[in-house]
Structure formats: C-alpha cells, structure tokens
Amino acid sequence: MYTQEITRKHRTAFIIAIDRSASMQEMIRMGRRQMSKSQAVTLITSSLIQEFIDRCRRTDALRNYYDIAIVGYGDDQVEMLLGDESFVAIDKLAERQAMPYAISYEQYDESGERENVEQTMPLWFEPKAMGNTPLYEAFVKIKEIVHSWCSDERNAESFPPIVINITDGEYSDCNPNDLRDIAATIRRDGTQDGGVLMFNIHLSHDNDLRSLIFPTAEELRGASPATQLIAELSSTMPEIFNAAIAELKGKEHKAPYRAMGYNANIVELISILNIGSRSGPTLQ
C-alpha cells in the first residue's frame, strides 16, 4: 500500500484547503517579514503550486504527474481558488501562470528595525480573510471532488489523493461529530494503492505555544479536546513517510505518526507541506 510510483499513467491528486475567515487577518512572522496569516499561507501555497509545475518539467515536455485543487473557505462560502469546479492538470496550470498581486507587509532588518514594504508577487489567488469558518461545507466539497477523482477508472491504481487542510480557527457550521463523520468518509475513499491521506494543520501566531507536528499516540495522551479532534480528523501516516518524519522530529519519537500539526508556526507549516508533497513515491 502507498507504493505506486507517480507517472503520467498513474498521476496523483493534491487538494489544499485554506481557511480564509476573519481570524486569518492575524499577523505572523515569516522570516524577517511580518504579514497576515492569509498573506503568508497564500504565498506558501502559490510557491508550492509553482514547485509542482517545476517538478513536472522534463527536457522533452511538461508531464502531467499531478492534478491540483485549491479550496478556500471563509465568509460563509466555499470557493475553488483555481477557478475550476474540480481539479486542474499541471499542463493547464502552467499555461495560466500566477498573477501579480501587490502585498503590503512589515520587514525587519538585521538590527531589528522595521519598515513598511509593498511588493508585487506572483500569486495563484488573492489573499482573503473575512467572516466565519464553514469547515464542514469545505469538507463536503472535498468529499465530492475526491470521490469523483477516485471513481475515475484511469486513477484506479494511482497513489491516492492527498488532502491538506490549513486553518487557525474554530469551525462555524457544524459540531465535532459532524466533522469526524465527514473526515472519515473522505479518508475511506481512495484507490487500490490506499485510502485518501488527510492532513490537518492548525496555525498559531504565538511561537511560545507548545506545538505538535506529526504527533505519536504518546504525545497525544492528555492533549486538549481541540488537539484530539484535529488528530481524529487526520490520517495515520503510511510507513513510506516515516523516515522523513523521524528526521524532522528526532528519532526518539517512534511511528506511527498522525498527519497533523497543532499550534504550528510558519516554519512547521512548511515542513509539513514538504513532507506531505515530497516524501511519497518517486516520479517516473
């Protein structure tokens, strides 16, 4: 299980779900820059999309190894942020190119002095942070597009889809049992190579808070109800990812690991995205 190499015949799918509610206006440090969580996550996700495209470049052509979907949820609505109802193939993304957006943020120099900066950056969608957090509705949309992809006979033998949900707040449209049920439905879907892998990442703006990334059962023992819920929504990581996670966490933490981060900062978010998108089977 979870061993199918990713090829043009056996492509895989990535679904990144992004919280775009009002709480994502909170400020966060990203290196020497301070910007809103919404801006930071948009930048990181846009960079990841470009990396997906670059991984598919070969001397002879651009190869369709991935189908990509970006789901945004906030302001009581769910949006497909790449402008399609479902997935977009890599070659179609490469034809579009990211759009230039002007972002304002604070930047700190080596002495700690700060200045206001406005910079135009290539982004695949505009940062947004408004309203409530319709997480259940977002999961319903993810369930629909994942099931459609997995039901396509062309994907029957492929490495299963990877869902990465990034949020910093409380959901506003359901109760915990609703979330448990629909997340379980999403994870039960999949291909002959395994069930859908579901990552859930809770972002923090406070670097002093204790964080958990890819926690073990021992680390989750005695955790808060909110942390336990994130764990219950998330997949158990397949063995193929264990070496990379052990290198990140330290070898004293033994598998199995949960596909989650709680109170994660931006550095930890990037680490989780790197493992989630890189440590599976190789591209052929």
# chains A, B, ... in the order shown; residues from 1 in each chain; ligands from 1
>>> select_by_dssp(residues="segment 27-224 of chain A", states="alpha helix (DSSP H)", output="PyMOL selection string")
chain A and resi 37-55+90-96+135-151+176-188+217-220
>>> residues_around(residues="segment 50-53 of chain A", least_positions_apart="4", cutoff="7 Å", atoms="only C-alpha atoms", output="list in words")
Ser46, Arg57, Ile90 and Ala94 of chain A
>>> write_last_selection(atoms="all heavy atoms", output="short mmCIF file (atom, residue, chain, number, x, y, z; two decimals), in the first residue's frame")
data_model
loop_
_atom_site.label_atom_id
_atom_site.label_comp_id
_atom_site.auth_asym_id
_atom_site.auth_seq_id
_atom_site.Cartn_x
_atom_site.Cartn_y
_atom_site.Cartn_z
N SER A 46 1.13 29.32 -3.13
CA SER A 46 1.49 29.69 -4.50
C SER A 46 2.87 29.16 -4.86
O SER A 46 3.10 28.68 -5.98
CB SER A 46 1.46 31.22 -4.65
OG SER A 46 0.13 31.71 -4.56
N ARG A 57 8.52 19.29 -15.06
CA ARG A 57 9.23 19.68 -16.28
C ARG A 57 10.30 18.65 -16.63
O ARG A 57 11.07 18.22 -15.77
CB ARG A 57 9.89 21.05 -16.10
CG ARG A 57 8.91 22.20 -15.92
CD ARG A 57 9.59 23.54 -16.04
NE ARG A 57 8.70 24.62 -15.66
CZ ARG A 57 7.76 25.14 -16.45
NH1 ARG A 57 7.62 24.67 -17.69
NH2 ARG A 57 6.98 26.11 -16.02
N ILE A 90 -1.58 19.78 -14.40
CA ILE A 90 -0.37 20.60 -14.36
C ILE A 90 -0.15 21.38 -15.65
O ILE A 90 0.20 22.57 -15.62
CB ILE A 90 0.86 19.72 -14.05
CG1 ILE A 90 0.87 19.33 -12.57
CG2 ILE A 90 2.16 20.44 -14.41
CD1 ILE A 90 1.11 20.47 -11.61
N ALA A 94 0.27 25.44 -15.92
CA ALA A 94 1.46 26.06 -16.49
C ALA A 94 1.10 27.06 -17.58
O ALA A 94 1.79 28.07 -17.76
CB ALA A 94 2.40 24.99 -17.02
#
>>> atom_distance(atom1="atom CA of Ile186 of chain A", atom2="atom CA of Glu239 of chain A")
20.2 Å
>>> closest_residue(among="A:Glu247, A:Asp84, A:Asp168, A:Glu157", to="Lys37 of chain A", atoms="only C-alpha atoms")
A:Asp168
>>> residues_around(residues="segment 178-185 of chain A", least_positions_apart="5", cutoff="9 Å", atoms="only C-alpha atoms", output="PDB file with C-alpha atoms, in the first residue's frame")
ATOM      1  CA  LEU A 135     -15.203  23.970   7.549  1.00  0.00           C
ATOM      2  CA  TYR A 136     -17.910  21.337   7.243  1.00  0.00           C
ATOM      3  CA  PHE A 139     -15.141  19.097   3.698  1.00  0.00           C
ATOM      4  CA  VAL A 140     -18.355  18.356   1.778  1.00  0.00           C
ATOM      5  CA  LYS A 143     -15.506  14.734  -0.394  1.00  0.00           C
ATOM      6  CA  MET A 198      -5.743  13.713   5.086  1.00  0.00           C
ATOM      7  CA  LEU A 229     -10.243  16.463  17.412  1.00  0.00           C
ATOM      8  CA  GLU A 232      -9.212  12.267  14.856  1.00  0.00           C
ATOM      9  CA  LEU A 233      -9.764  14.120  11.582  1.00  0.00           C
ATOM     10  CA  SER A 234      -6.291  13.213  10.301  1.00  0.00           C
TER      11      SER A 234
END
>>> closest_residue(among="A:Thr120, A:Ser111, A:Ser277, A:Thr12", to="Ala156 of chain A", atoms="only C-alpha atoms")
A:Thr12
>>> closest_residue(among="A:Ser158, A:Trp124, A:Met24, A:Ala13", to="Val88 of chain A", atoms="only C-alpha atoms")
A:Ala13
>>> residues_around(residues="Ile70 of chain A", least_positions_apart="2", cutoff="6 Å", atoms="only C-alpha atoms", output="list in words")
Ile15, Ile16, Ala17, Met80 and Leu81 of chain A
>>> write_last_selection(atoms="N, CA and C atoms", output="PDB file, in the first residue's frame")
ATOM      1  N   ILE A  15      -5.149  18.200  -2.905  1.00  0.00           N
ATOM      2  CA  ILE A  15      -6.207  19.152  -2.578  1.00  0.00           C
ATOM      3  C   ILE A  15      -5.730  19.947  -1.374  1.00  0.00           C
ATOM      4  N   ILE A  16      -5.552  21.246  -1.524  1.00  0.00           N
ATOM      5  CA  ILE A  16      -5.158  22.104  -0.414  1.00  0.00           C
ATOM      6  C   ILE A  16      -6.355  22.968  -0.056  1.00  0.00           C
ATOM      7  N   ALA A  17      -6.816  22.848   1.188  1.00  0.00           N
ATOM      8  CA  ALA A  17      -7.953  23.623   1.688  1.00  0.00           C
ATOM      9  C   ALA A  17      -7.428  24.704   2.621  1.00  0.00           C
ATOM     10  N   MET A  80     -13.538  27.443  -5.194  1.00  0.00           N
ATOM     11  CA  MET A  80     -12.434  26.758  -5.857  1.00  0.00           C
ATOM     12  C   MET A  80     -11.489  27.849  -6.347  1.00  0.00           C
ATOM     13  N   LEU A  81     -10.329  27.960  -5.727  1.00  0.00           N
ATOM     14  CA  LEU A  81      -9.490  29.146  -5.924  1.00  0.00           C
ATOM     15  C   LEU A  81      -8.683  29.123  -7.214  1.00  0.00           C
TER      16      LEU A  81
END
>>> atom_distance(atom1="atom CA of Arg63 of chain A", atom2="atom CA of Leu123 of chain A")
22.2 Å
>>> atom_distance(atom1="atom CA of Ile270 of chain A", atom2="atom CA of Ile44 of chain A")
7.6 Å
>>> residues_around(residues="Met237 of chain A", least_positions_apart="6", cutoff="10 Å", atoms="only C-alpha atoms", output="ChimeraX atom specification")
/A:197-199,214,245,255-260,276
>>> write_last_selection(atoms="N, CA and C atoms", output="PDB file, in the first residue's frame")
ATOM      1  N   LEU A 197      -5.127  10.331   1.978  1.00  0.00           N
ATOM      2  CA  LEU A 197      -4.321  10.835   3.086  1.00  0.00           C
ATOM      3  C   LEU A 197      -4.794  12.238   3.432  1.00  0.00           C
ATOM      4  N   MET A 198      -5.185  12.427   4.673  1.00  0.00           N
ATOM      5  CA  MET A 198      -5.743  13.713   5.086  1.00  0.00           C
ATOM      6  C   MET A 198      -4.881  14.337   6.171  1.00  0.00           C
ATOM      7  N   PHE A 199      -4.308  15.506   5.844  1.00  0.00           N
ATOM      8  CA  PHE A 199      -3.511  16.305   6.770  1.00  0.00           C
ATOM      9  C   PHE A 199      -4.387  17.452   7.281  1.00  0.00           C
ATOM     10  N   PHE A 214       3.117  15.991  13.448  1.00  0.00           N
ATOM     11  CA  PHE A 214       3.164  14.542  13.259  1.00  0.00           C
ATOM     12  C   PHE A 214       3.262  13.824  14.610  1.00  0.00           C
ATOM     13  N   ILE A 245       9.766  11.926   8.539  1.00  0.00           N
ATOM     14  CA  ILE A 245       9.191  12.486   9.763  1.00  0.00           C
ATOM     15  C   ILE A 245      10.147  12.314  10.934  1.00  0.00           C
ATOM     16  N   ALA A 255       7.197   5.911  15.239  1.00  0.00           N
ATOM     17  CA  ALA A 255       5.958   5.771  14.467  1.00  0.00           C
ATOM     18  C   ALA A 255       5.023   4.793  15.200  1.00  0.00           C
ATOM     19  N   PRO A 256       3.718   4.863  14.897  1.00  0.00           N
ATOM     20  CA  PRO A 256       3.070   5.647  13.841  1.00  0.00           C
ATOM     21  C   PRO A 256       2.856   7.109  14.229  1.00  0.00           C
ATOM     22  N   TYR A 257       2.739   7.945  13.180  1.00  0.00           N
ATOM     23  CA  TYR A 257       2.546   9.376  13.345  1.00  0.00           C
ATOM     24  C   TYR A 257       1.192   9.779  12.758  1.00  0.00           C
ATOM     25  N   ARG A 258       0.622  10.845  13.318  1.00  0.00           N
ATOM     26  CA  ARG A 258      -0.600  11.415  12.761  1.00  0.00           C
ATOM     27  C   ARG A 258      -0.259  12.518  11.761  1.00  0.00           C
ATOM     28  N   ALA A 259      -1.058  12.615  10.702  1.00  0.00           N
ATOM     29  CA  ALA A 259      -0.838  13.611   9.647  1.00  0.00           C
ATOM     30  C   ALA A 259      -1.439  14.939  10.079  1.00  0.00           C
ATOM     31  N   MET A 260      -0.805  15.596  11.049  1.00  0.00           N
ATOM     32  CA  MET A 260      -1.383  16.810  11.599  1.00  0.00           C
ATOM     33  C   MET A 260      -0.308  17.708  12.192  1.00  0.00           C
ATOM     34  N   GLY A 276       4.508  16.200   3.166  1.00  0.00           N
ATOM     35  CA  GLY A 276       3.290  15.738   2.525  1.00  0.00           C
ATOM     36  C   GLY A 276       3.366  15.688   1.023  1.00  0.00           C
TER      37      GLY A 276
END
>>> closest_residue(among="A:Asp67, A:Asp60, A:Asp75, A:Glu118", to="Glu106 of chain A", atoms="only C-alpha atoms")
A:Glu118
>>> residues_around(residues="Gly131 of chain A", least_positions_apart="6", cutoff="8 Å", atoms="only C-alpha atoms", output="list of chain:residue names")
A:Ser21, A:Ala22, A:Gly74, A:Asp75, A:Asp76
